[in-house]
Structures are given as structure tokens and as C-alpha cells.
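> Supplied structure: protein17.txt, compact mmCIF, C-alpha atoms.
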```txt
# COMPACT_ATOMS: atom_id res chain seq x y z
CA MET A 1 13.39 5.04 5.67
CA HIS A 2 15.98 5.15 8.47
CA GLU A 3 13.55 3.37 10.81
CA LEU A 4 13.35 0.38 8.45
CA PHE A 5 16.91 -0.80 9.03
CA PHE A 6 16.98 -0.08 12.77
CA VAL A 7 13.74 -1.99 13.36
CA ARG A 8 14.98 -4.78 11.09
CA LEU A 9 18.10 -5.12 13.25
CA PHE A 10 15.94 -5.25 16.37
CA ALA A 11 13.43 -7.67 14.83
CA TYR A 12 15.81 -10.22 13.39
CA SER A 13 18.89 -9.99 15.64
CA ILE A 14 17.75 -8.79 19.09
CA ILE A 15 14.25 -10.27 19.40
CA PRO A 16 15.45 -13.90 19.02
CA LEU A 17 17.91 -13.37 21.89
CA LEU A 18 15.19 -11.83 24.07
CA LEU A 19 12.76 -14.65 23.29
CA ALA A 20 15.33 -17.36 23.94
CA SER A 21 16.25 -15.73 27.26
CA ALA A 22 12.59 -15.51 28.30
CA HIS A 23 11.97 -19.11 27.23
CA LEU A 24 14.99 -20.21 29.26
CA LEU A 25 13.68 -18.50 32.38
CA LEU A 26 10.17 -19.92 32.04
CA ASP A 27 10.96 -23.46 30.91
CA ARG A 28 11.83 -25.66 33.88
CA HIS A 29 12.94 -28.40 31.47
CA ALA A 30 15.67 -26.21 29.94
CA ARG A 31 18.21 -26.53 32.70
CA THR A 32 21.02 -28.54 31.12
CA PRO A 33 23.78 -26.77 29.13
CA ALA A 34 22.81 -28.71 25.99
CA ARG A 35 19.20 -27.56 26.17
CA ARG A 36 20.15 -23.95 26.83
CA ILE A 37 22.40 -23.97 23.79
CA GLU A 38 19.63 -25.59 21.76
CA LEU A 39 17.14 -22.90 22.78
CA PHE A 40 19.28 -20.03 21.54
CA THR A 41 20.29 -21.92 18.41
CA VAL A 42 16.70 -22.70 17.40
CA TYR A 43 15.49 -19.12 17.93
CA LEU A 44 18.40 -17.71 15.94
CA LEU A 45 17.89 -20.18 13.11
CA ALA A 46 14.15 -19.52 13.04
CA ILE A 47 14.25 -15.71 13.20
CA SER A 48 17.75 -14.43 12.39
CA VAL A 49 18.17 -16.83 9.47
CA GLY A 50 14.75 -18.14 8.44
CA ALA A 51 12.45 -15.14 8.90
CA SER A 52 15.21 -12.66 8.08
CA GLY A 53 16.11 -14.47 4.88
CA LEU A 54 12.53 -14.69 3.68
CA GLY A 55 11.90 -11.06 4.62
CA GLY A 56 15.07 -9.97 2.85
CA ALA A 57 14.04 -11.92 -0.24
CA PHE A 58 10.67 -10.19 -0.30
CA GLY A 59 12.33 -6.79 0.05
CA HIS A 60 14.89 -7.29 -2.70
CA LEU A 61 12.43 -8.93 -5.08
CA PHE A 62 9.32 -6.78 -4.59
CA LEU A 63 10.52 -3.56 -2.90
CA ALA A 64 13.78 -3.24 -4.80
CA ASP A 65 13.77 0.55 -5.17
CA VAL A 66 13.01 1.10 -1.49
CA ILE A 67 15.88 -1.15 -0.44
CA ALA A 68 18.30 0.41 -2.95
CA GLU A 69 17.48 3.91 -1.73
CA GLY A 70 17.99 2.81 1.88
CA VAL A 71 21.41 1.40 1.01
CA GLY A 72 22.28 4.48 -1.00
CA TRP A 73 22.77 2.58 -4.25
CA PRO A 74 21.19 3.15 -7.69
CA VAL A 75 17.71 1.80 -8.31
CA ASP A 76 16.79 -0.58 -11.15
CA SER A 77 19.92 -2.69 -10.64
CA PRO A 78 19.96 -6.44 -11.40
CA PHE A 79 21.86 -7.00 -8.15
CA GLN A 80 18.48 -6.84 -6.39
CA LEU A 81 17.30 -10.05 -8.04
CA GLU A 82 20.51 -11.84 -7.15
CA MET A 83 20.31 -10.75 -3.51
CA GLY A 84 16.64 -11.64 -3.42
CA PHE A 85 17.26 -15.23 -4.43
CA ALA A 86 20.33 -15.47 -2.17
CA ASN A 87 18.19 -14.35 0.79
CA LEU A 88 15.47 -16.78 -0.22
CA ALA A 89 17.97 -19.64 -0.12
CA LEU A 90 19.16 -18.59 3.35
CA GLY A 91 15.60 -18.30 4.60
CA ILE A 92 14.71 -21.79 3.44
CA LEU A 93 17.90 -23.21 4.95
CA GLY A 94 17.16 -21.52 8.27
CA ILE A 95 13.63 -22.92 8.47
CA MET A 96 14.81 -26.41 7.52
CA ALA A 97 17.67 -26.30 10.05
CA ILE A 98 15.34 -25.66 13.00
CA SER A 99 14.52 -29.35 13.38
CA ARG A 100 17.95 -30.64 12.35
CA ARG A 101 20.70 -31.35 14.87
CA ASP A 102 23.39 -32.58 12.51
CA GLY A 103 25.72 -31.39 9.77
CA PHE A 104 22.84 -29.64 8.02
CA ARG A 105 22.96 -26.96 10.70
CA THR A 106 26.69 -26.56 10.24
CA ALA A 107 26.23 -26.10 6.49
CA THR A 108 23.51 -23.50 7.12
CA ILE A 109 25.76 -21.58 9.51
CA VAL A 110 28.57 -21.63 6.94
CA ALA A 111 26.21 -20.20 4.31
CA VAL A 112 24.98 -17.48 6.67
CA THR A 113 28.56 -16.58 7.59
CA VAL A 114 29.80 -16.38 4.00
CA VAL A 115 26.88 -14.20 2.88
CA GLY A 116 26.95 -12.00 6.01
CA VAL A 117 30.70 -11.38 6.01
CA GLY A 118 30.75 -10.98 2.23
CA ALA A 119 27.93 -8.43 2.27
CA THR A 120 29.58 -6.50 5.09
CA THR A 121 32.87 -6.41 3.20
CA VAL A 122 31.12 -4.96 0.16
CA HIS A 123 29.38 -2.33 2.28
CA LEU A 124 32.62 -1.34 4.01
CA MET A 125 34.38 -1.03 0.67
CA ASP A 126 31.59 1.22 -0.54
CA ILE A 127 31.83 3.36 2.59
CA ALA A 128 35.59 3.74 2.13
CA ALA A 129 35.24 4.60 -1.56
CA THR A 130 32.22 6.91 -1.47
CA GLY A 131 31.57 7.85 2.16
CA ASN A 132 28.07 6.40 1.84
CA LEU A 133 26.73 6.22 5.40
CA ALA A 134 23.12 5.38 4.55
CA PRO A 135 21.48 3.11 7.18
CA GLY A 136 21.30 0.20 4.75
CA ASN A 137 25.03 0.52 4.18
CA THR A 138 25.96 0.74 7.86
CA VAL A 139 23.32 -0.45 10.35
CA GLN A 140 22.65 -3.65 8.44
CA ASN A 141 26.28 -4.71 8.93
CA LEU A 142 25.68 -5.19 12.65
CA GLY A 143 23.19 -7.97 12.01
CA ASN A 144 25.26 -9.39 9.16
CA LEU A 145 28.10 -10.00 11.60
CA LEU A 146 26.30 -10.56 14.90
CA ASP A 147 24.18 -13.49 13.72
CA PRO A 148 27.07 -15.58 12.30
CA VAL A 149 29.22 -14.89 15.37
CA LEU A 150 26.47 -16.08 17.71
CA LEU A 151 25.66 -19.15 15.63
CA ILE A 152 29.33 -20.15 15.35
CA ALA A 153 29.77 -19.72 19.12
CA LEU A 154 26.68 -21.82 19.81
CA ALA A 155 27.84 -24.54 17.40
CA TRP A 156 31.19 -24.63 19.19
CA LEU A 157 29.49 -24.86 22.59
CA ALA A 158 27.20 -27.61 21.30
CA ARG A 159 30.26 -29.73 20.50
CA ARG A 160 31.48 -29.29 24.09
CA HIS A 161 28.07 -30.23 25.51
CA PRO A 162 26.68 -33.13 23.44
CA ALA A 163 22.91 -33.43 23.23
CA GLU A 164 21.11 -35.97 25.39
CA ALA A 165 19.80 -39.25 24.05
CA GLU A 166 16.65 -38.79 21.99
CA SER A 167 14.15 -40.16 24.48
CA PRO A 168 10.40 -39.55 23.91
CA ALA A 169 10.48 -36.79 26.54
CA ALA A 170 13.47 -35.11 24.90
CA LEU A 171 11.86 -35.29 21.47
CA ARG A 172 8.66 -33.72 22.84
CA TRP A 173 10.70 -30.88 24.37
CA HIS A 174 12.48 -30.25 21.08
CA ARG A 175 9.17 -30.16 19.21
CA GLN A 176 7.75 -27.69 21.71
CA VAL A 177 10.74 -25.37 21.34
CA GLU A 178 10.63 -25.63 17.56
CA THR A 179 6.89 -24.87 17.53
CA VAL A 180 7.17 -21.70 19.61
CA ALA A 181 10.28 -20.49 17.76
CA GLY A 182 8.68 -21.21 14.39
CA MET A 183 5.48 -19.36 15.26
CA ALA A 184 7.53 -16.48 16.68
CA ALA A 185 9.46 -16.29 13.40
CA ALA A 186 6.20 -16.19 11.44
CA GLY A 187 4.89 -13.49 13.77
CA VAL A 188 8.00 -11.36 13.36
CA GLY A 189 7.86 -11.62 9.58
CA ILE A 190 4.14 -10.90 9.31
CA GLY A 191 4.27 -8.10 11.86
CA PHE A 192 7.23 -6.47 10.12
CA GLY A 193 5.44 -6.63 6.77
CA VAL A 194 2.19 -5.22 8.14
CA GLY A 195 4.10 -2.54 10.03
CA PHE A 196 5.91 -1.48 6.89
CA ALA A 197 2.62 -1.17 5.02
CA ALA A 198 0.91 0.63 7.91
CA GLY A 199 3.80 2.96 8.71
CA ALA A 200 4.23 1.60 12.24
CA LEU A 201 7.10 -0.88 11.97
CA LEU A 202 8.10 -1.28 15.60
CA LEU A 203 4.56 -1.53 16.96
CA TRP A 204 3.39 -4.17 14.50
CA THR A 205 6.64 -6.13 14.76
CA VAL A 206 6.24 -6.41 18.54
CA LEU A 207 2.54 -7.27 18.21
CA GLY A 208 3.37 -9.86 15.58
CA VAL A 209 5.98 -11.63 17.67
CA LEU A 210 3.72 -11.64 20.74
CA ALA A 211 0.89 -13.13 18.69
CA GLY A 212 3.24 -15.72 17.20
CA VAL A 213 4.56 -16.79 20.60
CA ALA A 214 1.03 -16.98 22.03
CA PHE A 215 -0.10 -19.17 19.13
CA GLY A 216 2.94 -21.42 19.54
CA VAL A 217 2.23 -21.85 23.25
CA LEU A 218 -1.41 -22.64 22.45
CA LEU A 219 -0.39 -25.30 19.94
CA ASN A 220 1.95 -26.88 22.49
CA SER A 221 -0.77 -26.82 25.13
CA ARG A 222 -3.20 -28.64 22.85
CA ALA A 223 -0.55 -31.17 21.88
CA SER A 224 0.25 -31.76 25.56
CA ASP A 225 -3.41 -32.29 26.42
CA ALA A 226 -3.77 -34.76 23.55
CA HIS A 227 -0.68 -36.64 24.76
CA LYS A 228 -2.10 -36.87 28.29
CA GLU A 229 -5.37 -38.26 26.97
CA LEU A 230 -3.49 -40.94 25.03
CA MET A 231 -1.36 -42.01 27.99
CA PRO A 232 -4.12 -43.96 29.87
CA ALA A 233 -5.14 -45.71 26.66
CA ALA A 234 -1.53 -46.75 26.05
CA ARG A 235 -1.38 -48.35 29.45
```
Any chance you could give the structure as C-alpha cells?

Amino acid sequence: MHELFFVRLFAYSIIPLLLASAHLLLDRHARTPARRIELFTVYLLAISVGASGLGGAFGHLFLADVIAEGVGWPVDSPFQLEMGFANLALGILGIMAISRRDGFRTATIVAVTVVGVGATTVHLMDIAATGNLAPGNTVQNLGNLLDPVLLIALAWLARRHPAEAESPAALRWHRQVETVAGMAAAGVGIGFGVGFAAGALLLWTVLGVLAGVAFGVLLNSRASDAHKELMPAAR
């Protein structure tokens, strides 16, 4: 049970930072400040908000007793349904915000911040009142606060470094980043779920994200080849 919340923190808060850093090092087109900011923002929205929200919704809606026991709260409580649908809303917002570079992202970040800070406040109040130091009541707070802080900082930096004009090349780069980040998010979520069922959370989460990234790179490679084939015909 303790492993669940530690691996969840790693999967949904640390892995997106590692993937964005690796993508930055390997992508020779991601050299401007605006593109670097975009890389980290997209990975966080895809995994820390999108995949995390959908995974949290599944947990609260279908594994309610397991989650309640991990938090140290009573089972069979209606709060699970409420949190499940709240997480579902955040997950959908995160996935939708991946391809948006406007006020929709800002609204998504506000929602993530309100829910994350609010949940952490409730957990801290419970700790102060009852001394409940269960992993779900403590470890989870790190992700609840880290993700909004990073997203707010990135949004602030994005305002200082406006995005480039949306040329065809820039749009292709954005689509490539969104594809890899989206597949990575799917891989994290699927791997985490399989790992929970198989009793090997960390192993399957890592395998899932690697498979997701590989599939995203493959999709981009095929799209790039198709684009090259169309170029002579366009001329």
C-alpha cells in the first residue's frame, strides 16, 4: 500500500520532468526559450494533469476502499465519488490543454492549483487533528503542490518569452511534441494500472512510459516520412 503513493508521485510528478529534460537534450529544434518552456509545459499537462487526473478518477471511482485505506480515512464514504469526478474533470482539462496555447491553459492551471492546494490543506488539517501520517495523507501532498508550482512558473516564463509565429515548421514541431507527450501519458497510465494489478508498480510504470515514448517517436517518424513524400508533389 505504501508503494502505491510513492510510485504515483514518481510516475506523475517526476517522470514528466525527466522526459521533458531528455526531449530537450535530444531535440535540436528545441533551442529557443519559448520552445523549452513549451516542452516542459506540454509534458506536465499531459502526465501530471491529464494522466494523473484520469488515473485518480479511476482510483476514487473503482478502487475507493483501497484509496481510503491508503489515506487513512473511513471506507464507504461518498467523498470518493466527488473526488473521482473532480479528478476526471482535471484529467480531461489536462488532455485538452496539451494542444492549446491560450487562455484555456491558464484556466486549466487555475483548476489544478485550486484542487491541489485545497486537497493539501484538508490533508494538513487532518494531520494536525488526528496525527494521521498515512502515505496518502502525506506523500500525495508533494505532488499536489509541486505540479501547480511548476505550471504557474512555466506560465509566467511563457509570458516573458512569447511563442514564435505559427509557421508550418513550428506547427509540425508542436504536433511532434504533443504526440510524444500524449503517448507517454498513455503509457504511464496504462503501465501504472497494469503494475497495480500485477503487484509490480514501478517496473510496469517504467515499461509503460518507455513503450509510450517509443510509439510516439514511431508515429512522428511515419508522419515525417509522409511529409517528405508529399513535398516533391507540392513543388
> Kindly indicate which residue among A:Val149, A:Val188, A:Ala97, A:Val75 lies nearest to Val117 in chain A, using only C-alpha atoms for the distances.
A:Val149
> With all atoms listed in the file as the atoms that count, which of A:Ser221, A:Thr179, A:Asn144, A:Thr130 lies nearest to Gly56 in chain A?
A:Asn144
> For CA of Asp102 in chain A and CA of Arg222 in chain A, determine how far apart the two atoms are, in Å to one decimal place.
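One can read the CA of Asp102 in chain A to CA of Arg222 in chain A distance as 28.8 Å.
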> Choose the residue, out of A:Glu164, A:Asp27, A:Asp147, A:Glu3, that has the smallest atom-to-atom separation from Gly94 in chain A; count only C-alpha atoms.
A:Asp147
> Name the closest residue to Pro16 in chain A among the candidates A:Gly50, A:Pro162, A:Pro33, A:Gly216; distances are taken between atoms, counting all atoms listed in the file.
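Looking only at the distances to Pro16 in chain A, the closest residue turns out to be A:Gly50.
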> So how far away is CA of Ile95 in chain A from CA of Thr121 in chain A, in Å?
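According to the coordinates, CA of Thr121 in chain A and CA of Ile95 in chain A are separated by 25.9 Å.
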> List the spatial neighbours of range 83-89 of chain A as a VMD selection string - criterion: any atom at most 10 Å away, only C-alpha atoms, same-chain residues fewer than 4 positions off excluded.
chain A and resid 49 to 62 64 78 to 79 93 to 94 108 111 to 112 115 119
> Compile the contact shell of Asn141 in chain A as a PyMOL selection string: residues with an atom at most 8 Å away, counting only C-alpha atoms, same-chain residues fewer than 4 positions apart removed.
chain A and resi 116+119-120+123+137+145
> May I ask which of the residues A:Gly191, A:Ile14, A:Ala30, A:Leu146 is the closest one to Leu203 in chain A, counting only C-alpha atoms?
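Closest to Leu203 in chain A, using only C-alpha atoms: A:Gly191.
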> As an exercise, work out the distance from CA of Val209 in chain A to CA of Gly187 in chain A in Å and give it to one decimal place.
4.5 Å
> Could you check which of A:Thr113, A:Gln140, A:Ser13, A:Ser167 is closest to Ala46 in chain A, using only C-alpha atoms?
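Residue with the minimum atom-to-atom distance to Ala46 in chain A: A:Ser13.
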> Tell me, as a ChimeraX atom specification, which residues lie within 7 Å of Met183 in chain A, counting all atoms listed in the file; anything in the same chain fewer than 2 positions away does not count.
/A:179-181,185-187,212-213,215-216
> Just need the box for range 60-64 of chain A, edges along x, y and z, holding every atom the file lists for it with 5 Å tacked onto each side, so centre and edge lengths in Å to one decimal, as JSON.

```
{"center_x": 12.1, "center_y": -6.1, "center_z": -3.9, "size_x": 15.6, "size_y": 15.7, "size_z": 12.4}
```
> I want to know what sits within 10 Å of Gly72 in chain A, based on all atoms listed in the file, with residues of the same chain fewer than 4 positions away left out; could you give that as a list of chain:residue names?
A:Val66, A:Ile67, A:Ala68, A:Asp126, A:Asn132, A:Leu133, A:Ala134, A:Pro135, A:Gly136, A:Asn137
